[in-house]
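Heads up: the structure comes next, in structure tokens.
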Protein chains: 2
Amino acid sequence: MIKKETITEKQEKTARYAKAMGHPIRMYVLELLSKQSCCYSGDLTEELPIVKSTLSQHLKELKDVGLIQGEIEAPRIKYCINKENWKEAQLLFTELFES
Amino acid sequence: MIKKETITEKQEKTARYAKAMGHPIRMYVLELLSKQSCCYSGDLTEELPIVKSTLSQHLKELKDVGLIQGEIEAPRIKYCINKENWKEAQLLFTELFES
DNA sequence: AACTTTGTTCGGTATATTACGAACAAGGAA
DNA sequence: TTCCTTGTTCGTAATATACCGAACAAAGTT
């Protein structure tokens, strides 16, 4: 965490979102969920060249940063975009690119 | 590098840009350059809480991914946005968030 | 209760990232 | 030529990331 007021909270937040998006697997999941409303991680394990434990870690990262959310639908978990934060990220990136 | 056609080239590229943007220092530099047309890294060293060698590494990363470019203006180097790639990144992120 | 399915956590390993200071290179100024 | 300024590269260290397989936990099925 940078502590010198040169860097704004906004920049920190944008960077945090960008970092979470900075991996092909996570980018894939985000794009999928942004078009498809929801998915189950079992589906992802089949499509993606990684084992479930690794996928779980990537999903956790996306959850931790707030870009997705999971809802238990036993025995599976349904993932979707966290619309509020997704919108925030969209705004942050739009502002960045338009300035 | 993921090699299983699930993940598209576009997603790989977007993730690559996102990763480069995924650090507060680099985000700061990008935002500055996107509004200000150019800057010199000496200015950045004064504003930012890092030493010049660390800054040099961050700038190299942004250069390597193609988001900025440097022009020698001895004895300094003038940095600006690489407009072509910046536009590409903008497009990729816009598409991602709008889909 | 025993089994199955689904996903997380743990332990371990390999590689990448971030950071610093020292040393080096390039070029202008004295 | 000898400084000085600027920025890169090198060596090093601490921490983070990415990945796997095995073990574990939760909850529905048989």
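By convention in this document, the chains of the structure tokens carry letters A, B, ... by their order, each chain's residues are numbered from 1, and ligands are numbered from 1 in the order they are shown.
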Pull out every residue of chain C sitting within 10 Å of chain A, counting only C-alpha atoms (C1' of nucleotides), and send them as a tab-separated table (two decimals) with N, CA, C and O atoms (P, O5', C5', C4', C3', O3' and C1' of nucleotides), in the first residue's frame.
```tsv
chain	number	residue	atom	x	y	z
C	5	DT	P	-20.59	-39.06	-8.20
C	5	DT	O5'	-20.85	-37.51	-7.93
C	5	DT	C5'	-22.16	-37.08	-7.57
C	5	DT	C4'	-22.10	-35.64	-7.14
C	5	DT	C3'	-21.07	-34.81	-7.93
C	5	DT	O3'	-21.71	-33.65	-8.43
C	5	DT	C1'	-20.75	-34.55	-5.58
C	6	DT	P	-20.94	-32.62	-9.39
C	6	DT	O5'	-20.46	-31.52	-8.36
C	6	DT	C5'	-21.43	-30.78	-7.61
C	6	DT	C4'	-20.71	-29.86	-6.67
C	6	DT	C3'	-19.58	-29.07	-7.33
C	6	DT	O3'	-19.87	-27.70	-7.27
C	6	DT	C1'	-18.89	-30.05	-5.26
C	7	DG	P	-18.95	-26.62	-8.00
C	7	DG	O5'	-17.99	-26.17	-6.83
C	7	DG	C5'	-18.56	-25.58	-5.67
C	7	DG	C4'	-17.55	-25.54	-4.56
C	7	DG	C3'	-16.27	-24.76	-4.90
C	7	DG	O3'	-16.10	-23.72	-3.96
C	7	DG	C1'	-15.75	-26.83	-3.88
C	8	DT	P	-14.95	-22.69	-4.02
C	8	DT	O5'	-14.18	-23.03	-2.67
C	8	DT	C5'	-14.95	-23.12	-1.47
C	8	DT	C4'	-14.06	-23.57	-0.32
C	8	DT	C3'	-12.79	-22.74	-0.17
C	8	DT	O3'	-12.66	-22.42	1.22
C	8	DT	C1'	-12.23	-25.04	-0.36
C	9	DT	P	-11.48	-21.50	1.71
C	9	DT	O5'	-10.41	-22.54	2.26
C	9	DT	C5'	-10.82	-23.53	3.20
C	9	DT	C4'	-9.64	-24.44	3.51
C	9	DT	C3'	-8.31	-23.71	3.72
C	9	DT	O3'	-7.71	-24.27	4.89
C	9	DT	C1'	-8.05	-25.42	2.11
```
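Within 12 Å of Ala89 of chain B, once only C-alpha atoms (C1' of nucleotides) are used and residues closer than 5 positions along the same chain are dropped, the contacting residues are Phe93, Thr94, Leu96, Phe97 and Glu98 of chain A; Lys10, Gln11, Glu12, Lys13, Thr14, Ala15, Arg16, Tyr17, Ala18, Lys19, Ala20, Met21, Val65, Gly66, Leu67, Ile68, Ile81, Asn82, Lys83, Glu84, Thr94, Glu95 and Leu96 of chain B.
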Superposed chain A (ref. Chain B, all C-alpha pairs in order) as a short mmCIF file (atom, residue, chain, number, x, y, z; two decimals) with C-alpha atoms, in the first residue's frame:
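As a result, superposed.cif now contains:
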```cif
data_model
loop_
_atom_site.label_atom_id
_atom_site.label_comp_id
_atom_site.auth_asym_id
_atom_site.auth_seq_id
_atom_site.Cartn_x
_atom_site.Cartn_y
_atom_site.Cartn_z
CA MET A 1 0.75 -18.74 -21.81
CA ILE A 2 -2.47 -20.72 -21.83
CA LYS A 3 -2.62 -23.15 -24.74
CA LYS A 4 -6.12 -24.47 -25.11
CA GLU A 5 -8.37 -22.62 -27.38
CA THR A 6 -10.86 -21.82 -24.68
CA ILE A 7 -9.16 -18.53 -24.03
CA THR A 8 -9.06 -16.16 -26.96
CA GLU A 9 -6.18 -13.98 -28.12
CA LYS A 10 -8.32 -11.02 -27.27
CA GLN A 11 -8.73 -12.15 -23.69
CA GLU A 12 -5.01 -12.79 -23.42
CA LYS A 13 -4.28 -9.34 -24.70
CA THR A 14 -6.81 -7.67 -22.46
CA ALA A 15 -5.39 -9.53 -19.49
CA ARG A 16 -1.88 -8.42 -20.46
CA TYR A 17 -2.93 -4.80 -20.50
CA ALA A 18 -4.81 -5.21 -17.25
CA LYS A 19 -1.80 -6.77 -15.59
CA ALA A 20 0.39 -3.84 -16.63
CA MET A 21 -2.19 -1.47 -15.17
CA GLY A 22 -2.42 -3.49 -11.98
CA HIS A 23 -0.07 -1.45 -9.84
CA PRO A 24 -0.72 1.95 -8.25
CA ILE A 25 2.49 3.48 -9.56
CA ARG A 26 1.83 2.38 -13.10
CA MET A 27 -1.79 3.46 -12.88
CA TYR A 28 -0.62 6.87 -11.71
CA VAL A 29 1.77 7.22 -14.65
CA LEU A 30 -0.86 6.14 -17.15
CA GLU A 31 -3.46 8.53 -15.82
CA LEU A 32 -0.96 11.36 -15.81
CA LEU A 33 0.10 10.71 -19.38
CA SER A 34 -3.42 10.29 -20.59
CA LYS A 35 -4.24 13.84 -19.54
CA GLN A 36 -0.96 15.60 -19.93
CA SER A 37 0.55 14.50 -23.25
CA CYS A 38 4.01 13.88 -21.86
CA CYS A 39 6.30 13.83 -18.85
CA TYR A 40 9.89 13.20 -17.82
CA SER A 41 10.75 10.46 -15.41
CA GLY A 42 12.72 12.88 -13.28
CA ASP A 43 9.44 14.60 -12.44
CA LEU A 44 7.94 11.27 -11.49
CA THR A 45 10.80 10.35 -9.16
CA GLU A 46 10.14 13.51 -7.19
CA GLU A 47 6.43 12.94 -6.88
CA LEU A 48 6.47 9.24 -6.20
CA PRO A 49 7.69 7.36 -3.13
CA ILE A 50 10.14 5.16 -5.01
CA VAL A 51 13.73 5.44 -6.16
CA LYS A 52 14.65 5.87 -9.78
CA SER A 53 15.67 2.29 -10.43
CA THR A 54 12.28 1.04 -9.31
CA LEU A 55 10.51 3.64 -11.39
CA SER A 56 12.61 2.62 -14.35
CA GLN A 57 11.36 -0.92 -13.98
CA HIS A 58 7.74 0.17 -13.89
CA LEU A 59 8.21 2.35 -16.95
CA LYS A 60 9.86 -0.55 -18.71
CA GLU A 61 6.85 -2.73 -18.01
CA LEU A 62 4.51 -0.14 -19.45
CA LYS A 63 6.78 0.24 -22.44
CA ASP A 64 7.05 -3.52 -22.96
CA VAL A 65 3.30 -3.97 -23.02
CA GLY A 66 3.08 -1.02 -25.38
CA LEU A 67 1.04 1.44 -23.37
CA ILE A 68 3.68 4.16 -23.28
CA GLN A 69 6.68 5.12 -25.34
CA GLY A 70 9.84 7.04 -24.60
CA GLU A 71 11.65 9.49 -26.79
CA ILE A 72 15.20 10.53 -26.08
CA GLU A 73 15.54 14.22 -25.50
CA ALA A 74 19.02 14.25 -24.11
CA PRO A 75 19.90 14.02 -21.39
CA ARG A 76 16.36 13.12 -20.42
CA ILE A 77 13.68 10.87 -21.83
CA LYS A 78 10.27 12.14 -22.70
CA TYR A 79 7.46 9.69 -22.08
CA CYS A 80 4.07 9.74 -23.66
CA ILE A 81 1.13 7.45 -24.21
CA ASN A 82 1.43 5.08 -27.12
CA LYS A 83 -1.77 6.29 -28.69
CA GLU A 84 -2.36 3.35 -30.94
CA ASN A 85 -2.16 0.76 -28.20
CA TRP A 86 -3.89 2.97 -25.68
CA LYS A 87 -6.80 3.14 -28.08
CA GLU A 88 -6.72 -0.60 -28.51
CA ALA A 89 -6.79 -1.10 -24.75
CA GLN A 90 -9.66 1.34 -24.48
CA LEU A 91 -11.57 -0.63 -27.09
CA LEU A 92 -10.87 -3.95 -25.40
CA PHE A 93 -12.05 -2.72 -22.01
CA THR A 94 -15.05 -0.95 -23.44
CA GLU A 95 -16.12 -4.13 -25.19
CA LEU A 96 -15.59 -6.13 -22.06
CA PHE A 97 -17.71 -3.88 -19.91
CA GLU A 98 -20.43 -3.37 -22.48
CA SER A 99 -21.01 -6.99 -23.34
#
```
For this session: Return as a ChimeraX atom specification the residues belonging to chain D that are within 8 Å of chain B, counting only C-alpha atoms (C1' of nucleotides).
Result: /D:5-8
Now that the selection is made, can you save its residues with all heavy atoms as a PDB file, in the first residue's frame?
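Listing of part10.pdb after writing:
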```pdb
ATOM      1  P    DT D   5      24.439  17.769 -11.091  1.00  0.00           P
ATOM      2  OP1  DT D   5      24.082  19.001 -10.365  1.00  0.00           O
ATOM      3  OP2  DT D   5      24.739  16.528 -10.344  1.00  0.00           O
ATOM      4  O5'  DT D   5      23.273  17.449 -12.131  1.00  0.00           O
ATOM      5  C5'  DT D   5      23.382  17.896 -13.481  1.00  0.00           C
ATOM      6  C4'  DT D   5      22.657  16.927 -14.385  1.00  0.00           C
ATOM      7  O4'  DT D   5      23.586  15.933 -14.888  1.00  0.00           O
ATOM      8  C3'  DT D   5      21.524  16.160 -13.715  1.00  0.00           C
ATOM      9  O3'  DT D   5      20.330  16.391 -14.431  1.00  0.00           O
ATOM     10  C2'  DT D   5      21.950  14.699 -13.785  1.00  0.00           C
ATOM     11  C1'  DT D   5      22.933  14.694 -14.949  1.00  0.00           C
ATOM     12  N1   DT D   5      23.995  13.639 -14.910  1.00  0.00           N
ATOM     13  C2   DT D   5      24.221  12.878 -16.028  1.00  0.00           C
ATOM     14  O2   DT D   5      23.590  13.001 -17.056  1.00  0.00           O
ATOM     15  N3   DT D   5      25.225  11.945 -15.910  1.00  0.00           N
ATOM     16  C4   DT D   5      26.000  11.708 -14.784  1.00  0.00           C
ATOM     17  O4   DT D   5      26.874  10.847 -14.798  1.00  0.00           O
ATOM     18  C5   DT D   5      25.709  12.553 -13.641  1.00  0.00           C
ATOM     19  C7   DT D   5      26.490  12.365 -12.379  1.00  0.00           C
ATOM     20  C6   DT D   5      24.720  13.466 -13.754  1.00  0.00           C
ATOM     21  P    DT D   6      18.943  15.818 -13.962  1.00  0.00           P
ATOM     22  OP1  DT D   6      17.886  16.725 -14.444  1.00  0.00           O
ATOM     23  OP2  DT D   6      19.072  15.469 -12.534  1.00  0.00           O
ATOM     24  O5'  DT D   6      18.838  14.470 -14.789  1.00  0.00           O
ATOM     25  C5'  DT D   6      18.832  14.529 -16.225  1.00  0.00           C
ATOM     26  C4'  DT D   6      18.813  13.123 -16.771  1.00  0.00           C
ATOM     27  O4'  DT D   6      20.095  12.503 -16.531  1.00  0.00           O
ATOM     28  C3'  DT D   6      17.777  12.228 -16.101  1.00  0.00           C
ATOM     29  O3'  DT D   6      16.813  11.832 -17.065  1.00  0.00           O
ATOM     30  C2'  DT D   6      18.563  11.038 -15.559  1.00  0.00           C
ATOM     31  C1'  DT D   6      19.890  11.137 -16.295  1.00  0.00           C
ATOM     32  N1   DT D   6      21.067  10.645 -15.525  1.00  0.00           N
ATOM     33  C2   DT D   6      21.934   9.785 -16.136  1.00  0.00           C
ATOM     34  O2   DT D   6      21.800   9.399 -17.274  1.00  0.00           O
ATOM     35  N3   DT D   6      22.983   9.373 -15.352  1.00  0.00           N
ATOM     36  C4   DT D   6      23.253   9.733 -14.036  1.00  0.00           C
ATOM     37  O4   DT D   6      24.236   9.300 -13.451  1.00  0.00           O
ATOM     38  C5   DT D   6      22.289  10.653 -13.459  1.00  0.00           C
ATOM     39  C7   DT D   6      22.485  11.105 -12.039  1.00  0.00           C
ATOM     40  C6   DT D   6      21.252  11.062 -14.215  1.00  0.00           C
ATOM     41  P    DG D   7      15.494  11.073 -16.648  1.00  0.00           P
ATOM     42  OP1  DG D   7      14.440  11.381 -17.620  1.00  0.00           O
ATOM     43  OP2  DG D   7      15.287  11.297 -15.202  1.00  0.00           O
ATOM     44  O5'  DG D   7      15.933   9.568 -16.873  1.00  0.00           O
ATOM     45  C5'  DG D   7      16.307   9.155 -18.203  1.00  0.00           C
ATOM     46  C4'  DG D   7      16.996   7.813 -18.135  1.00  0.00           C
ATOM     47  O4'  DG D   7      18.181   7.927 -17.320  1.00  0.00           O
ATOM     48  C3'  DG D   7      16.154   6.707 -17.506  1.00  0.00           C
ATOM     49  O3'  DG D   7      16.040   5.651 -18.434  1.00  0.00           O
ATOM     50  C2'  DG D   7      16.925   6.292 -16.281  1.00  0.00           C
ATOM     51  C1'  DG D   7      18.340   6.712 -16.636  1.00  0.00           C
ATOM     52  N9   DG D   7      19.203   6.923 -15.478  1.00  0.00           N
ATOM     53  C8   DG D   7      18.986   7.715 -14.380  1.00  0.00           C
ATOM     54  N7   DG D   7      19.959   7.670 -13.505  1.00  0.00           N
ATOM     55  C5   DG D   7      20.868   6.784 -14.060  1.00  0.00           C
ATOM     56  C6   DG D   7      22.120   6.329 -13.573  1.00  0.00           C
ATOM     57  O6   DG D   7      22.695   6.624 -12.514  1.00  0.00           O
ATOM     58  N1   DG D   7      22.717   5.444 -14.459  1.00  0.00           N
ATOM     59  C2   DG D   7      22.181   5.035 -15.658  1.00  0.00           C
ATOM     60  N2   DG D   7      22.888   4.168 -16.374  1.00  0.00           N
ATOM     61  N3   DG D   7      21.020   5.455 -16.126  1.00  0.00           N
ATOM     62  C4   DG D   7      20.416   6.319 -15.283  1.00  0.00           C
ATOM     63  P    DT D   8      15.176   4.382 -18.161  1.00  0.00           P
ATOM     64  OP1  DT D   8      14.274   4.198 -19.313  1.00  0.00           O
ATOM     65  OP2  DT D   8      14.645   4.410 -16.794  1.00  0.00           O
ATOM     66  O5'  DT D   8      16.298   3.255 -18.247  1.00  0.00           O
ATOM     67  C5'  DT D   8      17.190   3.268 -19.362  1.00  0.00           C
ATOM     68  C4'  DT D   8      18.285   2.243 -19.131  1.00  0.00           C
ATOM     69  O4'  DT D   8      19.114   2.645 -18.026  1.00  0.00           O
ATOM     70  C3'  DT D   8      17.766   0.842 -18.796  1.00  0.00           C
ATOM     71  O3'  DT D   8      18.425  -0.089 -19.641  1.00  0.00           O
ATOM     72  C2'  DT D   8      18.120   0.653 -17.323  1.00  0.00           C
ATOM     73  C1'  DT D   8      19.325   1.563 -17.161  1.00  0.00           C
ATOM     74  N1   DT D   8      19.501   2.146 -15.802  1.00  0.00           N
ATOM     75  C2   DT D   8      20.649   1.879 -15.096  1.00  0.00           C
ATOM     76  O2   DT D   8      21.541   1.148 -15.522  1.00  0.00           O
ATOM     77  N3   DT D   8      20.733   2.485 -13.864  1.00  0.00           N
ATOM     78  C4   DT D   8      19.800   3.313 -13.280  1.00  0.00           C
ATOM     79  O4   DT D   8      19.992   3.804 -12.169  1.00  0.00           O
ATOM     80  C5   DT D   8      18.618   3.556 -14.072  1.00  0.00           C
ATOM     81  C7   DT D   8      17.545   4.442 -13.520  1.00  0.00           C
ATOM     82  C6   DT D   8      18.523   2.970 -15.275  1.00  0.00           C
TER      83       DT D   8
END
```
Exercise. Which neighbours of DT9 of chain D fall inside 10 Å, counting only C-alpha atoms (C1' of nucleotides), when residues of the same chain fewer than 5 positions from it are skipped, and could you give them as JSON, numbers by chain?
Worked result: {"B": [53], "C": [23, 24, 25]}
Based on the selection just made, write all heavy atoms of those residues as an mmCIF file, in the first residue's frame.
```cif
data_model
loop_
_atom_site.group_PDB
_atom_site.id
_atom_site.type_symbol
_atom_site.label_atom_id
_atom_site.label_comp_id
_atom_site.auth_asym_id
_atom_site.auth_seq_id
_atom_site.Cartn_x
_atom_site.Cartn_y
_atom_site.Cartn_z
ATOM 1 N N SER B 53 15.499 3.612 -9.813
ATOM 2 C CA SER B 53 15.647 2.292 -10.449
ATOM 3 C C SER B 53 14.322 1.535 -10.462
ATOM 4 O O SER B 53 14.001 0.835 -11.425
ATOM 5 C CB SER B 53 16.727 1.479 -9.753
ATOM 6 O OG SER B 53 16.437 1.301 -8.392
ATOM 7 P P DA C 23 29.593 0.288 -5.724
ATOM 8 O OP1 DA C 23 30.728 -0.507 -5.213
ATOM 9 O OP2 DA C 23 29.546 1.756 -5.536
ATOM 10 O "O5'" DA C 23 29.426 -0.027 -7.279
ATOM 11 C "C5'" DA C 23 29.098 -1.356 -7.686
ATOM 12 C "C4'" DA C 23 28.770 -1.354 -9.169
ATOM 13 O "O4'" DA C 23 27.479 -0.740 -9.376
ATOM 14 C "C3'" DA C 23 29.765 -0.569 -10.023
ATOM 15 O "O3'" DA C 23 30.125 -1.363 -11.144
ATOM 16 C "C2'" DA C 23 28.995 0.679 -10.422
ATOM 17 C "C1'" DA C 23 27.565 0.156 -10.470
ATOM 18 N N9 DA C 23 26.520 1.167 -10.311
ATOM 19 C C8 DA C 23 26.420 2.112 -9.317
ATOM 20 N N7 DA C 23 25.358 2.881 -9.443
ATOM 21 C C5 DA C 23 24.726 2.406 -10.581
ATOM 22 C C6 DA C 23 23.537 2.796 -11.241
ATOM 23 N N6 DA C 23 22.768 3.791 -10.826
ATOM 24 N N1 DA C 23 23.195 2.103 -12.350
ATOM 25 C C2 DA C 23 23.983 1.106 -12.765
ATOM 26 N N3 DA C 23 25.116 0.646 -12.222
ATOM 27 C C4 DA C 23 25.423 1.348 -11.128
ATOM 28 P P DC C 24 31.209 -0.878 -12.194
ATOM 29 O OP1 DC C 24 31.975 -2.065 -12.608
ATOM 30 O OP2 DC C 24 31.888 0.303 -11.632
ATOM 31 O "O5'" DC C 24 30.315 -0.419 -13.422
ATOM 32 C "C5'" DC C 24 29.393 -1.368 -13.990
ATOM 33 C "C4'" DC C 24 28.482 -0.647 -14.967
ATOM 34 O "O4'" DC C 24 27.677 0.315 -14.263
ATOM 35 C "C3'" DC C 24 29.230 0.137 -16.061
ATOM 36 O "O3'" DC C 24 28.860 -0.428 -17.321
ATOM 37 C "C2'" DC C 24 28.751 1.579 -15.886
ATOM 38 C "C1'" DC C 24 27.433 1.396 -15.140
ATOM 39 N N1 DC C 24 26.987 2.548 -14.309
ATOM 40 C C2 DC C 24 25.774 3.182 -14.628
ATOM 41 O O2 DC C 24 25.124 2.787 -15.595
ATOM 42 N N3 DC C 24 25.359 4.226 -13.857
ATOM 43 C C4 DC C 24 26.093 4.629 -12.816
ATOM 44 N N4 DC C 24 25.643 5.646 -12.090
ATOM 45 C C5 DC C 24 27.327 3.995 -12.479
ATOM 46 C C6 DC C 24 27.731 2.972 -13.245
ATOM 47 P P DA C 25 29.697 -0.014 -18.634
ATOM 48 O OP1 DA C 25 29.788 -1.232 -19.471
ATOM 49 O OP2 DA C 25 30.917 0.730 -18.239
ATOM 50 O "O5'" DA C 25 28.717 0.992 -19.359
ATOM 51 C "C5'" DA C 25 27.425 0.529 -19.744
ATOM 52 C "C4'" DA C 25 26.636 1.686 -20.317
ATOM 53 O "O4'" DA C 25 26.258 2.587 -19.253
ATOM 54 C "C3'" DA C 25 27.396 2.513 -21.353
ATOM 55 O "O3'" DA C 25 26.570 2.608 -22.493
ATOM 56 C "C2'" DA C 25 27.627 3.857 -20.677
ATOM 57 C "C1'" DA C 25 26.486 3.922 -19.667
ATOM 58 N N9 DA C 25 26.728 4.672 -18.436
ATOM 59 C C8 DA C 25 27.785 4.553 -17.578
ATOM 60 N N7 DA C 25 27.711 5.340 -16.533
ATOM 61 C C5 DA C 25 26.522 6.033 -16.714
ATOM 62 C C6 DA C 25 25.863 7.013 -15.949
ATOM 63 N N6 DA C 25 26.335 7.497 -14.799
ATOM 64 N N1 DA C 25 24.691 7.487 -16.419
ATOM 65 C C2 DA C 25 24.217 7.004 -17.568
ATOM 66 N N3 DA C 25 24.737 6.070 -18.373
ATOM 67 C C4 DA C 25 25.901 5.625 -17.878
#
```
For this session: Could you give me, as a list of chain:residue names, the residues within 12 Å of DC4 of chain D, counting only C-alpha atoms (C1' of nucleotides) and dropping anything in the same chain fewer than 5 positions from it?
Result: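 Selected residues are B:Pro75, C:DG27, C:DG28, C:DA29, C:DA30.
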Take the residues that were just selected and, keeping C-alpha atoms (C1' of nucleotides), output them as a compact mmCIF listing (two decimals), in the first residue's frame.
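Full text of part_18.txt as output:
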```
# COMPACT_ATOMS: atom_id res chain seq x y z
CA PRO B 75 19.90 14.04 -21.27
C1' DG C 27 25.62 12.49 -23.39
C1' DG C 28 25.87 17.45 -22.31
C1' DA C 29 28.46 21.17 -19.53
C1' DA C 30 32.50 23.16 -17.45
```
Problem set entry | alpha helix (DSSP H) call set, DSSP backbone run, chain B, as a PyMOL selection string | chain B and resi 9-21+24-36+41-47+52-65+83-98
